[in-house]
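Quick notes on the structure that follows.
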There are 4 protein chains.
Amino acid sequence: MTSLAESGKKKIEWVKKHMKVLNYLKNLYQTEKPFEGVNVAISIHLEAKTAYLGIVMHELGANVAITGSNPLSTQEDVVEALKEYGLNVHAERTLDESVYWKNIDKILETNPNIILDDGADLGITLIEKHPEKVKNLWGICEETTTGVKRYKSLFKENKLPVPVILINDSYMKYLFDNRYGTGQSTWDGIMRSTNLSVSGKVVVVAGYGWCGKGVAMRAKGLGANVIITEVDPIKANEAIMDGFRVMKMDEAVKYGDFFVTVTGDIDVITKRHFLEMKDGAILSNAGHFDVEVKVKDLEEIAVDKINVRNGVEEYKLPNGKSVFLLGQGRLVNLVNGDGHPAEIMDLSFSLQLEGAKYIKENHQNMKVNLSPVPYEIDEKIAQINLKTLGIEIDTLSKEQQVYLNSWK
Amino acid sequence: MTSLAESGKKKIEWVKKHMKVLNYLKNLYQTEKPFEGVNVAISIHLEAKTAYLGIVMHELGANVAITGSNPLSTQEDVVEALKEYGLNVHAERTLDESVYWKNIDKILETNPNIILDDGADLGITLIEKHPEKVKNLWGICEETTTGVKRYKSLFKENKLPVPVILINDSYMKYLFDNRYGTGQSTWDGIMRSTNLSVSGKVVVVAGYGWCGKGVAMRAKGLGANVIITEVDPIKANEAIMDGFRVMKMDEAVKYGDFFVTVTGDIDVITKRHFLEMKDGAILSNAGHFDVEVKVKDLEEIAVDKINVRNGVEEYKLPNGKSVFLLGQGRLVNLVNGDGHPAEIMDLSFSLQLEGAKYIKENHQNMKVNLSPVPYEIDEKIAQINLKTLGIEIDTLSKEQQVYLNSWK
Amino acid sequence: MTSLAESGKKKIEWVKKHMKVLNYLKNLYQTEKPFEGVNVAISIHLEAKTAYLGIVMHELGANVAITGSNPLSTQEDVVEALKEYGLNVHAERTLDESVYWKNIDKILETNPNIILDDGADLGITLIEKHPEKVKNLWGICEETTTGVKRYKSLFKENKLPVPVILINDSYMKYLFDNRYGTGQSTWDGIMRSTNLSVSGKVVVVAGYGWCGKGVAMRAKGLGANVIITEVDPIKANEAIMDGFRVMKMDEAVKYGDFFVTVTGDIDVITKRHFLEMKDGAILSNAGHFDVEVKVKDLEEIAVDKINVRNGVEEYKLPNGKSVFLLGQGRLVNLVNGDGHPAEIMDLSFSLQLEGAKYIKENHQNMKVNLSPVPYEIDEKIAQINLKTLGIEIDTLSKEQQVYLNSWK
Amino acid sequence: MTSLAESGKKKIEWVKKHMKVLNYLKNLYQTEKPFEGVNVAISIHLEAKTAYLGIVMHELGANVAITGSNPLSTQEDVVEALKEYGLNVHAERTLDESVYWKNIDKILETNPNIILDDGADLGITLIEKHPEKVKNLWGICEETTTGVKRYKSLFKENKLPVPVILINDSYMKYLFDNRYGTGQSTWDGIMRSTNLSVSGKVVVVAGYGWCGKGVAMRAKGLGANVIITEVDPIKANEAIMDGFRVMKMDEAVKYGDFFVTVTGDIDVITKRHFLEMKDGAILSNAGHFDVEVKVKDLEEIAVDKINVRNGVEEYKLPNGKSVFLLGQGRLVNLVNGDGHPAEIMDLSFSLQLEGAKYIKENHQNMKVNLSPVPYEIDEKIAQINLKTLGIEIDTLSKEQQVYLNSWK
């Protein structure tokens, strides 16, 4: 084995130890092999945890073809290791976007029955560019808020040909992955990239959805003073009641030491904002695409750009100040770190596995629609996780059940 | 004016200053008088904030008949003041439940078109005991988790004759009232009743719904070490990720210094639990009915019962230990305190007003069904609240809107 | 027994159950009766916990004379109860300051050997007004930051005739009473007085000493956004690193919804500040004297003053706005509440008892000086408290001790 | 310049941007050059921030000789860069301890007048092994709790020949570096080494001094459930009041997912503990020496040892379980990370600079003693830091000053 493959294998072995729900499911379905003969295509950030999902699917019988969902989050040692495990993998860490799309196409050559998607690139490419492959496709599981949004738009335009299970909208996903996963991994990425104090700093978090709530909660837990920007008045009220300041970005730019965008939208921080920032402001993005901090604007107005640390670019502005951009404005937790903690991805990927199993068993009766995993699957994953933690909870007595269902 | 009425009026004047959304709506509808000639019956814990809702409805034209929703949460000075304001009020603070039901009946004599309910006693009594009055009834607004549950059961049995707007399930209600309202007012009630330290104590919170989350969050914020009990595995996982210990009540009883039940169910703490508790454990309930801590069991096994402070009963147990019950096991924030903060009830009651207005304007086209307020109303209340706080937030540009609706 | 005395006795019985260290010491010294024949004079806020300290001292042999340390924090039912217990008590809840000083004088008529003081009024009055009584006085125990400051000034001017044990500067006092005690009881007092939400509010805390840290920590724990004002640059830096905004009071007045002063100094909020405040700002003080919020200025500029709730005065300002003052600017936790939690005062008062015992046993060899209790007493109280909580901690092995004392 | 030196220079340039107090002092003393001709020897963890301290001392005239204070925390690129800056540097990242001591000796060949020490190795080696060099030595500044302890032991044995300024015991050091620095950098190191969730985990922190407080506070802020072990009953009580569980290590080992030792003592986690741990427990140390987790015991009982990730060793135990040791039991924040944030070391190193300046100016009149920096220096650093942050605070009026100094 090459040393690159060995390094990747080590990483995979590590996460395997900590993805206990996935291991539980693997054991549960070991003899059944529910994915025997099923073509499963995966496009999720290709680091060790995703790799292990691929391996488990493979061990449960699937013909797995796998690539990343972002050209910069792919870890090359993990790719090499996956080849050793016998998976059909096409992925490269690259700045050349065309390579990314070429790999997507290669994956689609396998004529997938089920797609496990993250951001919707794989599924939408199949639907748009390879309509002839739709007939083999039973359904899609989508991991992220952004992908959900895209599939919903497609659906509204009557262009969605197969059912989509919204992993992202399932309880055991968004309550955990978006909040605790993004919360921790974003700050892990920022801290290791900068070696700067979070404590005592003003942190501006754009977006107070589940991801933004996680990022803000951890910033507070690390000693920061947090400002929230929002466009949704209900979420803005929540942020206020959680003790944060809420204001427009036009105002917040004056105060922020760190900025984290998590809106799922474009143009959150743009030209007019950069010039109002404090000298030394640190910019980062934890949303799916690199469009929240408008990097193009930054490139345009900067008089100089210097790589000052791994994953940290200094942009010298015409007003004499500098701002620092982390991970080129891409997902800071994946580009400048290792992504979400293993135990969190364990929950999300166990939902992916169960979602895929549900599609395989029910696709003939499923309507073309978008919905989270059935509630029973959410509960099942929750219960298995408690079991792996050795935690027992109360159960309802018959009297308690009756009472809950009574209006008397 | 009697001094009792004066005291009540003072209380009402105080909350009026702090219920700014309600005041905003009152001004907005002042000339329109949308409730002119409408019979509105209210059964909500009768303290100053509820009184002010009644007064505003009255000022906007409604014929208001008002009572409490729990015989022990009624404040007598507020009742007297309401009479001065010219409202039709029937309510007494009493331990005699029959008086409570007699008042409910008196309210129903007014043949309400709209009911603003809290716990569903008023609406269900009308439907069950006075079916002849159903024809005048356009719809019901229900305030609480418990009431929602009861109306849903009624609906399942096909016994619901009119639409119910689930105020409780509206964003600007459950995200705020249940969490921040219950969170603060529960601890306000416990602290002022006991003058004991929360810091350094083990607090057991039964139930990790929105109310339980609020109670646990504030216990942690006050320095307690919190244990959660749950029957729902998803919520149990959330509690773990929030840093709390999760275990069965059978185990938790050994550690708790304070117990707070917020499950909406019966028999959460019963005979077998009391005897396992530490000497001096403090028991309280923040759920709607006084059935969560099973007081009957406590009365049965206790060898003595002594009132040791306002709202605090000591039960001497046969094992030589004592436990202390707050507010007789009824809603501790209302019985041992003044209920939720004024600004929080402002949001909930503004939804009640808007819900009533929606029923008045749409009842002829509404299906018999249960649903939160239309999202536009939630957003409206959120926006008005930001306005009263002087806080401005971002708005989406056209490009941002297009992006959000695109799958490309 | 009068019903007033009964009410007081009930309160004392309640705190007795929760002052376990004091009970432990009472049992420990029951036969020894270390204060037999010793005249002990106490001037501490006269509510149930102080009363119980007096009773324990009395049971351990002391001739106790007791009064309050602030005319408005005295609870009359407790005074009546103390008479029943046979203590020599002179205290009245009054706005007439002369009554307060008359009671101080009556206490001094007993020719105390030991003074347990809170704010230094009793000790300084003896020294200044009754110099002939100094010869009987062995020493003083002082409870508060403010009293410590005053005795230190006296010492600097060479006017201190006896040693003072600085209870306040002892670890088991200031780390607990000032921080967790003031933190909780201040917010208990504010919440029960106002029934307003702390969550979502801007809270300005003036002073970031141990008391201010406690008040700020709990405000944050209750969901507020906290601003700190300070004059000490080191404490200001601490506040920043704890995630708070720090600014001048001139600036902070524009943002605050609640103000709490805890500086130990005068004129923290004055005329020029009131007029810059938001309409409806709530003012309170948690420092020893009613000089931090300059009430005189408020009285001077106000065009009207109305009592709007128990312990809440509305001041209508000439600019058309109102501000609300809690507890007349006196200690809000004592005037509008029951003071610190019982378990916290248990620690402070156990130090008072041990301090008094130390003076009794060592006064002949003590230098006229000011110092905390000897470290052994601090450790003893800490250990007894752990014991009453049933908590065991590690002990150093011989090897560990050797290592700690080695430079190798 | 070699690419290694370039990498080091980049790191130094980065921290230079964020060490604003040090830059302020450098500018302030630029013309004075207070260290002209002074031999300054530095032994502090040799990464970028220490390097920058060395460079500033050099620019202010000192003849700087510099090495690390732990053979594994030295960063080789930084060493190479320092050579380019013209400093006399002797340091290697190595597992061979003899190399470390050889470098210490080389530094001492420069006959230092002032030593800036971290852990006391440099100063004690001079005193013990090179007594002839004592005559040139004016004084020592010591950075850490551990070094302070060692110098105090030396002093007690009358072996200390020169004054020691206890940087560690200065306010602007221990309140910030020990608490916020260790708090953040420890978790940064653990998170990036493991990619595991802190949220939802049981974290055992051994020691609740300032460092332990920081580690525990951040663990809580990251969503962990924290258990504290202590030998000091006062600190144990603090931990309880902060909401943590406190117990003996013998008990805590059963619950912990992560362990962090910060006691400054030996044998905190030993043979009998490892075997009681949960399978997969993660062990780390944030105390100065690698003696807190007894690695020797672990090596002895383990049946296998595997490097599973950078800085993570798996020890397979005879009971079939595994535990994972981070950074070989050495300072996890420095060995598995980049050490404290730059802004925090800025404060500590500014104190070092000022301490050295104080020694240079006063050594002829200083007694052989141990003390923090004079209070004025602490205040000066605090004020400069506020200035660099653009934060203004209140100042005392004359009346306020008089009041604070009065007993009336």
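Just so we're on the same page: first chain in the structure tokens is A, next is B, and so on; residues restart at 1 for each chain, and ligands are numbered from 1 in the order they show up.
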
- Message: Select, as JSON, numbers by chain, those residues of chain D with any atom no more than 6 Å from chain C (distances computed using only C-alpha atoms).
- Response: {"D": [150, 153, 154, 230, 231, 233, 234, 247, 248, 266, 382, 383, 392, 393, 394, 395, 400, 405, 406, 407]}

- Task: Excluding stretch 1-5 of chain B and residues on its chain fewer than 6 positions from it, collect all residues at most 9 Å away from it, counting only C-alpha atoms, and give them as an MDAnalysis selection string.
- Result: chainID B and resid 76:84

Please save N, CA, C and O atoms of the selected residues as an mmCIF file, in the first residue's frame.
data_model
loop_
_atom_site.group_PDB
_atom_site.id
_atom_site.type_symbol
_atom_site.label_atom_id
_atom_site.label_comp_id
_atom_site.auth_asym_id
_atom_site.auth_seq_id
_atom_site.Cartn_x
_atom_site.Cartn_y
_atom_site.Cartn_z
ATOM 1 N N GLU B 76 -57.043 38.156 42.826
ATOM 2 C CA GLU B 76 -58.317 38.781 43.138
ATOM 3 C C GLU B 76 -58.356 40.281 42.897
ATOM 4 O O GLU B 76 -59.390 40.838 42.514
ATOM 5 N N ASP B 77 -57.212 40.927 43.088
ATOM 6 C CA ASP B 77 -57.217 42.377 42.838
ATOM 7 C C ASP B 77 -57.393 42.665 41.352
ATOM 8 O O ASP B 77 -58.061 43.629 40.965
ATOM 9 N N VAL B 78 -56.841 41.810 40.534
ATOM 10 C CA VAL B 78 -56.993 41.982 39.092
ATOM 11 C C VAL B 78 -58.456 41.781 38.694
ATOM 12 O O VAL B 78 -58.999 42.519 37.850
ATOM 13 N N VAL B 79 -59.107 40.811 39.301
ATOM 14 C CA VAL B 79 -60.530 40.576 39.032
ATOM 15 C C VAL B 79 -61.344 41.827 39.364
ATOM 16 O O VAL B 79 -62.170 42.290 38.567
ATOM 17 N N GLU B 80 -61.055 42.384 40.517
ATOM 18 C CA GLU B 80 -61.806 43.591 40.923
ATOM 19 C C GLU B 80 -61.562 44.745 39.960
ATOM 20 O O GLU B 80 -62.489 45.481 39.590
ATOM 21 N N ALA B 81 -60.306 44.881 39.539
ATOM 22 C CA ALA B 81 -59.985 45.966 38.606
ATOM 23 C C ALA B 81 -60.733 45.789 37.289
ATOM 24 O O ALA B 81 -61.272 46.758 36.722
ATOM 25 N N LEU B 82 -60.799 44.547 36.830
ATOM 26 C CA LEU B 82 -61.468 44.294 35.548
ATOM 27 C C LEU B 82 -62.927 44.711 35.585
ATOM 28 O O LEU B 82 -63.485 45.180 34.589
ATOM 29 N N LYS B 83 -63.536 44.524 36.751
ATOM 30 C CA LYS B 83 -64.923 44.965 36.875
ATOM 31 C C LYS B 83 -65.008 46.473 36.658
ATOM 32 O O LYS B 83 -65.917 46.969 35.988
ATOM 33 N N GLU B 84 -64.053 47.192 37.214
ATOM 34 C CA GLU B 84 -64.036 48.644 37.035
ATOM 35 C C GLU B 84 -63.886 49.027 35.563
ATOM 36 O O GLU B 84 -64.419 50.036 35.111
#

- Task: Just the residues within 6 Å of stretch 219-223 of chain D, please, counting only C-alpha atoms, with nothing from its chain fewer than 4 positions along; format it as JSON, numbers by chain.
- Result: {"A": [218, 221, 222], "B": [242, 243], "D": [199]}

Could you dump the residues just selected with C-alpha atoms as a JSON list (two decimals), in the first residue's frame?
[["chain", "number", "residue", "atom", "x", "y", "z"],
["A", 218, "ARG", "CA", -20.17, 27.95, 20.30],
["A", 221, "GLY", "CA", -19.21, 29.35, 24.66],
["A", 222, "LEU", "CA", -15.69, 30.29, 23.61],
["B", 242, "ASP", "CA", -26.63, 20.24, 25.26],
["B", 243, "GLY", "CA", -24.34, 18.94, 28.02],
["D", 199, "SER", "CA", -20.61, 18.33, 22.80]]

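Each of B:Leu353, B:Met366, B:Ile115, B:Ile12 was checked against B:Val40 using only C-alpha atoms; the smallest atom-to-atom distance is that of B:Ile115.
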
- Message: Let's see if you can do this: from backbone DSSP, list all strand (DSSP E) residues in stretch 123-345 of chain C, as a PyMOL selection string.
- Response: chain C and resi 139-142+164-166+202-206+225-229+245-246+258-261+281-285+304-309+312-316+322-326

Could you save the residues just selected, with C-alpha atoms, as an mmCIF file, in the first residue's frame?
data_model
loop_
_atom_site.group_PDB
_atom_site.id
_atom_site.type_symbol
_atom_site.label_atom_id
_atom_site.label_comp_id
_atom_site.auth_asym_id
_atom_site.auth_seq_id
_atom_site.Cartn_x
_atom_site.Cartn_y
_atom_site.Cartn_z
ATOM 1 C CA GLY C 139 -12.215 42.589 68.033
ATOM 2 C CA ILE C 140 -14.560 42.979 65.082
ATOM 3 C CA CYS C 141 -15.613 40.692 62.231
ATOM 4 C CA GLU C 142 -16.648 42.619 59.111
ATOM 5 C CA VAL C 164 -10.625 43.363 62.503
ATOM 6 C CA ILE C 165 -11.166 40.021 60.870
ATOM 7 C CA LEU C 166 -12.135 40.646 57.283
ATOM 8 C CA VAL C 202 -29.470 44.961 27.597
ATOM 9 C CA VAL C 203 -28.170 44.889 31.156
ATOM 10 C CA VAL C 204 -25.578 47.401 32.299
ATOM 11 C CA VAL C 205 -23.557 46.274 35.325
ATOM 12 C CA ALA C 206 -21.421 48.967 36.917
ATOM 13 C CA ASN C 225 -26.835 41.051 26.640
ATOM 14 C CA VAL C 226 -24.475 42.542 29.211
ATOM 15 C CA ILE C 227 -22.447 45.750 29.213
ATOM 16 C CA ILE C 228 -19.850 46.380 31.921
ATOM 17 C CA THR C 229 -18.574 49.726 33.138
ATOM 18 C CA ARG C 245 -19.027 44.860 26.040
ATOM 19 C CA VAL C 246 -17.119 47.409 28.099
ATOM 20 C CA PHE C 258 -31.674 47.307 33.274
ATOM 21 C CA PHE C 259 -28.928 48.962 35.302
ATOM 22 C CA VAL C 260 -27.291 47.383 38.352
ATOM 23 C CA THR C 261 -24.638 49.265 40.299
ATOM 24 C CA ALA C 281 -35.099 51.994 31.936
ATOM 25 C CA ILE C 282 -35.006 50.080 35.239
ATOM 26 C CA LEU C 283 -32.462 51.213 37.843
ATOM 27 C CA SER C 284 -31.262 49.151 40.749
ATOM 28 C CA ASN C 285 -28.378 48.932 43.147
ATOM 29 C CA ASP C 304 -43.388 63.390 39.015
ATOM 30 C CA LYS C 305 -42.851 60.243 41.093
ATOM 31 C CA ILE C 306 -45.335 57.401 41.336
ATOM 32 C CA ASN C 307 -45.238 54.100 43.159
ATOM 33 C CA VAL C 308 -46.171 51.693 40.362
ATOM 34 C CA ARG C 309 -45.536 48.353 42.048
ATOM 35 C CA VAL C 312 -40.861 50.194 42.153
ATOM 36 C CA GLU C 313 -40.972 53.982 41.793
ATOM 37 C CA GLU C 314 -41.572 55.631 38.455
ATOM 38 C CA TYR C 315 -39.742 58.925 37.970
ATOM 39 C CA LYS C 316 -41.184 61.012 35.174
ATOM 40 C CA SER C 322 -39.719 57.681 32.637
ATOM 41 C CA VAL C 323 -37.178 55.643 34.539
ATOM 42 C CA PHE C 324 -38.057 53.142 37.270
ATOM 43 C CA LEU C 325 -36.076 52.868 40.477
ATOM 44 C CA LEU C 326 -36.164 49.630 42.479
#

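The gap separating atom CA of A:Lys357 from atom CA of A:Ser73 is 27.0 Å, in Å to one decimal.
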
- Item | Shell around A:Gly61 at 7 Å using only C-alpha atoms, local window under 3 positions removed, as an MDAnalysis selection string | chainID A and resid 33:37 57:58

Mind writing the picked residues with N, CA, C and O atoms as a short mmCIF file (atom, residue, chain, number, x, y, z; two decimals), in the first residue's frame?
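Result went into part32.cif, see below:
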data_model
loop_
_atom_site.label_atom_id
_atom_site.label_comp_id
_atom_site.auth_asym_id
_atom_site.auth_seq_id
_atom_site.Cartn_x
_atom_site.Cartn_y
_atom_site.Cartn_z
N LYS A 33 -27.74 -8.15 3.74
CA LYS A 33 -27.13 -7.41 2.63
C LYS A 33 -28.18 -6.69 1.77
O LYS A 33 -28.39 -7.03 0.59
N PRO A 34 -28.83 -5.69 2.33
CA PRO A 34 -29.98 -5.07 1.66
C PRO A 34 -29.64 -4.38 0.33
O PRO A 34 -30.53 -4.15 -0.47
N PHE A 35 -28.36 -4.04 0.12
CA PHE A 35 -28.03 -3.29 -1.10
C PHE A 35 -27.41 -4.17 -2.18
O PHE A 35 -26.85 -3.67 -3.15
N GLU A 36 -27.52 -5.46 -2.01
CA GLU A 36 -26.96 -6.41 -2.99
C GLU A 36 -27.43 -6.03 -4.40
O GLU A 36 -28.63 -5.96 -4.68
N GLY A 37 -26.48 -5.77 -5.26
CA GLY A 37 -26.81 -5.48 -6.65
C GLY A 37 -27.33 -4.08 -6.92
O GLY A 37 -27.65 -3.73 -8.06
N MET A 57 -21.71 0.85 2.95
CA MET A 57 -22.66 0.57 1.87
C MET A 57 -22.13 -0.58 1.01
O MET A 57 -22.87 -1.49 0.62
N HIS A 58 -20.85 -0.52 0.72
CA HIS A 58 -20.18 -1.54 -0.07
C HIS A 58 -20.26 -2.90 0.64
O HIS A 58 -20.60 -3.92 0.03
#

- Using DSSP on the backbone coordinates, identify the residues of stretch 148-219 of chain A assigned to alpha helix (DSSP H); present them as a VMD selection string. chain A and resid 148 to 156 171 to 173 182 to 194 210 to 219

Residue contacts of C:Trp138 (6 Å, only C-alpha atoms) excluding same-chain residues fewer than 5 positions away, as a CSV table (one decimal) with all heavy atoms, in the first residue's frame:
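New file part.csv:
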chain,number,residue,atom,x,y,z
C,113,ASN,N,-18.0,42.6,73.6
C,113,ASN,CA,-16.6,42.2,73.5
C,113,ASN,C,-16.2,41.9,72.0
C,113,ASN,O,-15.1,42.1,71.6
C,113,ASN,CB,-16.4,40.9,74.3
C,113,ASN,CG,-16.8,41.0,75.7
C,113,ASN,OD1,-17.7,40.2,76.2
C,113,ASN,ND2,-16.2,41.9,76.4
C,114,ILE,N,-17.2,41.4,71.3
C,114,ILE,CA,-17.0,41.1,69.9
C,114,ILE,C,-18.2,41.7,69.1
C,114,ILE,O,-19.3,41.6,69.5
C,114,ILE,CB,-17.0,39.6,69.7
C,114,ILE,CG1,-15.8,39.0,70.5
C,114,ILE,CG2,-16.9,39.3,68.2
C,114,ILE,CD1,-15.8,37.5,70.5
C,363,HIS,N,-7.6,37.0,71.3
C,363,HIS,CA,-7.5,38.5,71.2
C,363,HIS,C,-6.4,39.1,72.0
C,363,HIS,O,-5.8,40.1,71.7
C,363,HIS,CB,-8.8,39.1,71.6
C,363,HIS,CG,-9.2,38.8,73.1
C,363,HIS,ND1,-8.9,39.7,74.1
C,363,HIS,CD2,-9.8,37.8,73.6
C,363,HIS,CE1,-9.4,39.2,75.2
C,363,HIS,NE2,-9.9,38.0,75.0

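The space between atom CA of A:Lys26 and atom CA of A:Val335 spans 29.3 Å.
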
- If you measure from atom CA of C:Leu122 to atom CA of C:Gly8, what distance in Å do you get, rounded to one decimal?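 Between atom CA of C:Leu122 and atom CA of C:Gly8 the gap is 23.9 Å.
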
- Item | All residues 8 Å or closer to B:Pro341, only C-alpha atoms, same chain fewer than 6 positions away omitted, as a list in words | Gly181, Gln184 and Ser185 of chain B; Asn195, Leu196 and Ser197 of chain C

Keeping N, CA and C atoms, export the residues of the selection given above as a PDB file, in the first residue's frame.
ATOM      1  N   GLY B 181     -40.213  32.235  28.350  1.00  0.00           N
ATOM      2  CA  GLY B 181     -41.214  32.563  29.367  1.00  0.00           C
ATOM      3  C   GLY B 181     -41.192  31.550  30.498  1.00  0.00           C
ATOM      4  N   GLN B 184     -37.776  31.508  32.517  1.00  0.00           N
ATOM      5  CA  GLN B 184     -37.561  32.533  33.546  1.00  0.00           C
ATOM      6  C   GLN B 184     -38.584  32.452  34.675  1.00  0.00           C
ATOM      7  N   SER B 185     -39.850  32.350  34.319  1.00  0.00           N
ATOM      8  CA  SER B 185     -40.875  32.469  35.363  1.00  0.00           C
ATOM      9  C   SER B 185     -40.862  31.276  36.314  1.00  0.00           C
TER      10      SER B 185
ATOM     11  N   ASN C 195     -41.528  41.534  37.150  1.00  0.00           N
ATOM     12  CA  ASN C 195     -42.176  40.578  36.240  1.00  0.00           C
ATOM     13  C   ASN C 195     -41.845  40.891  34.780  1.00  0.00           C
ATOM     14  N   LEU C 196     -40.603  41.346  34.561  1.00  0.00           N
ATOM     15  CA  LEU C 196     -40.169  41.621  33.195  1.00  0.00           C
ATOM     16  C   LEU C 196     -39.142  40.594  32.749  1.00  0.00           C
ATOM     17  N   SER C 197     -39.026  40.455  31.449  1.00  0.00           N
ATOM     18  CA  SER C 197     -38.070  39.514  30.881  1.00  0.00           C
ATOM     19  C   SER C 197     -36.644  40.032  31.024  1.00  0.00           C
TER      20      SER C 197
END

- Spatial neighbours of C:Asp177, max dist 7 Å, only C-alpha atoms, sep filter under 6 positions, as an MDAnalysis selection string: chainID C and resid 344:345 348

Output the selection as a compact mmCIF listing (two decimals), in the first residue's frame - all heavy atoms for each residue.
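Output saved as result.txt:
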# COMPACT_ATOMS: atom_id res chain seq x y z
N ILE C 344 -25.78 30.07 51.01
CA ILE C 344 -24.64 30.96 50.79
C ILE C 344 -24.34 31.72 52.07
O ILE C 344 -23.19 31.82 52.49
CB ILE C 344 -24.97 31.95 49.66
CG1 ILE C 344 -25.39 31.21 48.40
CG2 ILE C 344 -23.83 32.92 49.45
CD1 ILE C 344 -24.43 31.16 47.30
N MET C 345 -25.39 32.23 52.71
CA MET C 345 -25.17 32.92 53.98
C MET C 345 -24.66 31.95 55.03
O MET C 345 -23.96 32.34 55.95
CB MET C 345 -26.46 33.59 54.46
CG MET C 345 -26.95 34.73 53.57
SD MET C 345 -25.64 35.85 53.01
CE MET C 345 -25.05 36.51 54.57
N SER C 348 -20.95 32.27 54.85
CA SER C 348 -20.47 33.56 55.37
C SER C 348 -20.63 33.62 56.89
O SER C 348 -19.74 34.07 57.61
CB SER C 348 -21.25 34.71 54.73
OG SER C 348 -21.13 34.65 53.34

- Item | Nearest to B:Cys211 by atom-to-atom distance, counting only C-alpha atoms, from B:Gln328, B:His340, B:Asp96, B:Ala91 |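 Using only C-alpha atoms, B:Cys211 sits closest to B:His340.
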